[in-house]
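Q: See data.cif below, with mmCIF, C-alpha atoms.
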data_target
#
loop_
_atom_site.label_atom_id
_atom_site.label_comp_id
_atom_site.auth_asym_id
_atom_site.auth_seq_id
_atom_site.Cartn_x
_atom_site.Cartn_y
_atom_site.Cartn_z
CA MET A 1 0.00 0.00 0.00
CA ILE A 2 1.19 3.55 -0.71
CA GLN A 3 2.38 5.41 2.38
CA PRO A 4 1.90 9.17 2.79
CA LEU A 5 5.04 11.35 2.77
CA GLN A 6 6.36 12.26 6.21
CA TYR A 7 7.20 15.96 6.62
CA ASN A 8 10.13 16.94 8.83
CA TYR A 9 9.07 20.00 10.89
CA ASN A 10 12.67 20.67 12.06
CA LEU A 11 13.80 21.58 8.54
CA SER A 12 15.40 25.07 8.22
CA PHE A 13 15.63 27.09 5.03
CA LYS A 14 17.73 29.95 6.45
CA GLY A 15 21.20 28.78 5.31
CA THR A 16 24.50 29.47 7.01
CA GLU A 17 26.56 32.61 7.45
CA THR A 18 29.95 31.18 6.45
CA LYS A 19 31.84 33.20 3.85
CA THR A 20 32.95 31.42 0.75
CA GLU A 21 36.25 32.11 -0.94
CA GLN A 22 34.51 34.23 -3.58
CA GLN A 23 33.09 36.57 -0.94
CA LYS A 24 36.50 37.43 0.52
CA LYS A 25 38.16 40.70 -0.41
CA PRO A 26 40.42 40.18 -3.44
CA SER A 27 44.16 40.62 -3.04
CA ILE A 28 46.37 42.84 -5.19
CA LYS A 29 47.55 39.74 -7.06
CA GLU A 30 43.97 38.71 -7.85
CA GLY A 31 43.19 42.23 -9.05
CA PHE A 32 46.25 42.23 -11.29
CA VAL A 33 45.33 38.82 -12.68
CA LYS A 34 41.80 40.03 -13.46
CA VAL A 35 43.19 43.07 -15.30
CA VAL A 36 45.58 40.96 -17.37
CA LYS A 37 42.82 38.46 -18.18
CA GLY A 38 40.48 41.31 -19.15
CA ILE A 39 43.10 42.70 -21.50
CA ASN A 40 43.63 39.23 -22.98
CA THR A 41 39.89 38.82 -23.55
CA VAL A 42 39.45 42.22 -25.21
CA THR A 43 42.53 41.99 -27.42
CA GLY A 44 41.95 38.35 -28.41
CA THR A 45 38.32 38.90 -29.32
CA THR A 46 39.11 42.15 -31.13
CA GLN A 47 41.83 40.45 -33.13
CA GLY A 48 39.34 37.76 -34.09
CA VAL A 49 36.76 40.32 -35.19
CA VAL A 50 39.27 42.32 -37.25
CA ARG A 51 40.71 39.20 -38.88
CA GLY A 52 37.21 37.86 -39.53
CA ALA A 53 36.08 41.13 -41.06
CA ALA A 54 39.08 41.31 -43.38
CA GLU A 55 38.85 37.67 -44.45
CA GLY A 56 35.05 37.85 -44.68
CA VAL A 57 35.18 40.87 -46.97
CA ALA A 58 37.78 39.18 -49.17
CA LEU A 59 35.75 35.97 -49.37
CA THR A 60 32.52 37.87 -50.09
CA ALA A 61 34.21 39.79 -52.90
CA ALA A 62 35.75 36.63 -54.37
CA ILE A 63 32.48 34.69 -54.32
CA GLY A 64 30.63 37.69 -55.75
CA LEU A 65 33.21 38.13 -58.50
CA ILE A 66 33.23 34.47 -59.50
CA GLY A 67 29.46 33.93 -59.12
CA LYS A 68 28.52 37.02 -61.11
CA ASN A 69 30.82 36.09 -63.96
CA ILE A 70 29.62 32.48 -64.04
CA LYS A 71 26.01 33.67 -64.31
CA GLU A 72 26.70 36.34 -66.92
CA ALA A 73 28.78 33.97 -69.05
CA ASP A 74 26.13 31.23 -68.88
CA SER A 75 28.71 28.90 -67.33
CA ASP A 76 31.10 29.21 -70.30
CA ILE A 77 34.54 28.77 -68.73
CA PHE A 78 36.35 31.06 -71.18
CA LYS A 79 33.85 33.90 -70.87
CA THR A 80 33.82 33.43 -67.10
CA THR A 81 37.62 33.61 -66.92
CA ALA A 82 37.71 36.67 -69.18
CA GLY A 83 35.05 38.36 -67.04
CA ILE A 84 36.93 37.59 -63.82
CA ILE A 85 40.16 38.99 -65.27
CA SER A 86 38.39 42.08 -66.60
CA ASP A 87 36.55 42.79 -63.35
CA SER A 88 39.69 42.16 -61.29
CA ALA A 89 41.65 44.60 -63.47
CA LYS A 90 38.91 47.23 -63.03
CA ALA A 91 38.96 46.72 -59.24
CA ALA A 92 42.75 46.97 -59.17
CA TRP A 93 42.68 50.17 -61.25
CA ASN A 94 40.04 51.75 -58.98
CA THR A 95 42.13 50.81 -55.93
CA ILE A 96 45.23 52.39 -57.47
CA LYS A 97 43.21 55.55 -58.26
CA PHE A 98 42.04 55.65 -54.61
CA VAL A 99 45.57 55.58 -53.10
CA PRO A 100 46.37 59.29 -53.71
CA ALA A 101 43.14 60.20 -51.92
CA LEU A 102 44.54 58.58 -48.78
CA LEU A 103 47.23 61.26 -48.77
CA THR A 104 45.26 64.26 -50.00
CA LYS A 105 41.81 63.87 -48.44
CA ALA A 106 40.78 63.96 -44.81
CA PRO A 107 40.63 60.60 -43.02
CA VAL A 108 36.93 61.10 -42.28
CA GLU A 109 36.18 61.57 -45.98
CA ASN A 110 38.19 58.46 -46.88
CA LEU A 111 36.37 56.50 -44.19
CA LYS A 112 33.02 57.59 -45.63
CA ASN A 113 34.13 56.33 -49.05
CA VAL A 114 35.22 52.99 -47.62
CA ILE A 115 31.99 52.58 -45.66
CA THR A 116 29.91 53.02 -48.84
CA LEU A 117 31.83 50.29 -50.71
CA PRO A 118 29.66 47.34 -49.57
CA SER A 119 26.43 49.01 -50.68
CA LYS A 120 28.00 49.95 -54.02
CA PHE A 121 29.23 46.37 -54.43
CA TYR A 122 25.74 44.95 -53.88
CA LYS A 123 23.74 47.63 -55.72
CA ASN A 124 25.99 48.12 -58.73
CA TYR A 125 28.00 44.94 -59.12
CA LEU A 126 25.75 42.15 -57.82
CA LYS A 127 22.42 43.76 -58.77
CA ASN A 128 21.28 40.91 -61.05
CA THR A 129 22.69 38.01 -59.02
CA LYS A 130 20.73 37.84 -55.80
CA THR A 131 21.59 34.19 -55.14
CA THR A 132 25.29 34.90 -55.53
CA ALA A 133 24.94 37.92 -53.25
CA ALA A 134 23.20 35.79 -50.61
CA ILE A 135 25.83 33.04 -50.79
CA ALA A 136 28.67 35.57 -50.66
CA THR A 137 27.11 37.35 -47.68
CA ALA A 138 26.51 34.11 -45.79
CA ALA A 139 30.08 32.97 -46.41
CA GLY A 140 31.52 36.32 -45.31
CA LEU A 141 29.43 36.38 -42.13
CA GLY A 142 30.38 32.77 -41.45
CA VAL A 143 34.07 33.66 -41.61
CA LEU A 144 33.48 36.66 -39.34
CA ALA A 145 31.67 34.50 -36.78
CA PHE A 146 34.28 31.74 -36.95
CA ARG A 147 37.23 34.12 -36.49
CA THR A 148 35.47 35.96 -33.64
CA ILE A 149 34.85 32.69 -31.80
CA GLN A 150 38.40 31.59 -32.54
CA GLY A 151 39.72 34.88 -31.11
CA LYS A 152 37.68 34.37 -27.93
CA ILE A 153 38.96 30.80 -27.58
CA ASN A 154 42.55 32.01 -28.01
CA ALA A 155 41.93 34.65 -25.34
CA ASN A 156 40.57 31.98 -23.00
CA LEU A 157 43.70 29.88 -23.57
CA LYS A 158 45.87 32.87 -22.71
CA ASN A 159 43.77 33.45 -19.61
CA ALA A 160 44.29 29.83 -18.59
CA ASP A 161 48.04 30.33 -19.03
CA VAL A 162 47.84 33.37 -16.74
CA ASP A 163 45.90 31.32 -14.18
CA HIS A 164 48.47 28.55 -14.29
CA ALA A 165 51.44 30.92 -14.07
CA THR A 166 49.98 32.76 -11.09
CA LYS A 167 48.47 29.64 -9.49
CA SER A 168 45.05 31.28 -9.60
CA THR A 169 41.71 29.59 -10.00
CA HIS A 170 39.93 29.21 -13.33
CA TYR A 171 36.58 30.96 -13.73
#
Take the structure from the file and write it as structure tokens.
A:
Amino acid sequence: MIQPLQYNYNLSFKGTETKTEQQKKPSIKEGFVKVVKGINTVTGTTQGVVRGAAEGVALTAAIGLIGKNIKEADSDIFKTTAGIISDSAKAAWNTIKFVPALLTKAPVENLKNVITLPSKFYKNYLKNTKTTAAIATAAGLGVLAFRTIQGKINANLKNADVDHATKSTHY
């Protein structure tokens, strides 16, 4: 037969007043370790973001260049290759023309020009190839996400090295 549960009336839910190690006042060493680990985290993650942005932009441009030329050439390898070479030469020429502006124009104006490049790339260059644009964007964002995560992991490894070197605890 099923027995009813017995309730213990002496049970206390108040807890104890003992301080744990985390509640103690941190030492100078612990403060220094936290600062170093914070710097590691910020620099590692930032490096990942910057590397991911650069590689993501390059991959997006490469996929856009190749995909657009494949579509426009109706998958003819010779026309595709000629289009890639032609578009690459145009991009190189425009980059060379932009270099003097780096020396003669204000940095803010140059930054504005650089910021408008992605919208120009999509509106003017990939305007008739929406699938290619979507694939290129997804690949670029994937690289950005991967490199950001990789930067954070590298920062965590450096933080573990700091913990080991200072005989601190891992968080």
Q: Using all atoms listed in the file, find the one residue out of A:Asn156, A:Gly151, A:Ala165, A:Asn94 that sits nearest to Gly48 (chain A).
A: A:Gly151
Q: Kindly assemble as a tab-separated table a list of the region 86-119 of chain A residues that lie within 12 Å of region 60-76 of chain A, each paired with its nearest atom pair and their distance in Å to one decimal, using only C-alpha atoms, sorted first by chain and then by ascending residue number.
A:
residue	atom	partner	partner_atom	distance
A:Ser86	CA	A:Asn69	CA	10.0
A:Asp87	CA	A:Leu65	CA	7.5
A:Ser88	CA	A:Leu65	CA	8.1
A:Ala89	CA	A:Leu65	CA	11.7
A:Lys90	CA	A:Leu65	CA	11.7
A:Ala91	CA	A:Leu65	CA	10.4
A:Leu117	CA	A:Ala61	CA	11.0
A:Pro118	CA	A:Ala61	CA	9.4
Q: Compare A:Thr45, A:Ser27, A:Gln3, A:Thr104 by their minimum atom-to-atom distance to Gln150 (chain A), counting all atoms listed in the file, and give me the closest one.
A: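 Of all the options, A:Thr45 lies closest to Gln150 (chain A).
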Q: In Å, with one decimal, what is the gap from CA of Ser168 (chain A) to CA of Val35 (chain A)?
A: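 Distance between the two atoms: 13.2 Å.
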Q: Between A:Thr129, A:Thr43, A:Asn10, A:Thr137, which is the closest to Asn154 (chain A) once you count only C-alpha atoms?
A: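 Going through A:Thr129, A:Thr43, A:Asn10, A:Thr137 one by one, the smallest distance to Asn154 (chain A) is for A:Thr43.
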Q: Nearest to Leu144 (chain A): which of A:Leu102, A:Val162, A:Ile2, A:Val49 is it, counting only C-alpha atoms?
A: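 That would be A:Val49, the residue with the smallest distance to Leu144 (chain A).
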Q: If I take CA of Val114 (chain A) and CA of Val57 (chain A), how far is one from the other in Å, to one decimal?
A: 12.1 Å
Q: Considering all atoms listed in the file, can you say which of A:Thr166, A:Asn159, A:Asn124, A:Thr132 comes closest to Asn40 (chain A)?
A: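 Counting all atoms listed in the file, the residue closest to Asn40 (chain A) is A:Asn159.
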Q: If you measure from CA of Tyr125 (chain A) to CA of Glu55 (chain A), what distance in Å do you get, rounded to one decimal?
A: 19.6 Å
Q: Taking into account all atoms listed in the file, which residue in the set A:Thr80, A:Gly56, A:Ala101, A:Asp163 is nearest to Ala138 (chain A)?
A: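 Counting all atoms listed in the file, the residue closest to Ala138 (chain A) is A:Gly56.
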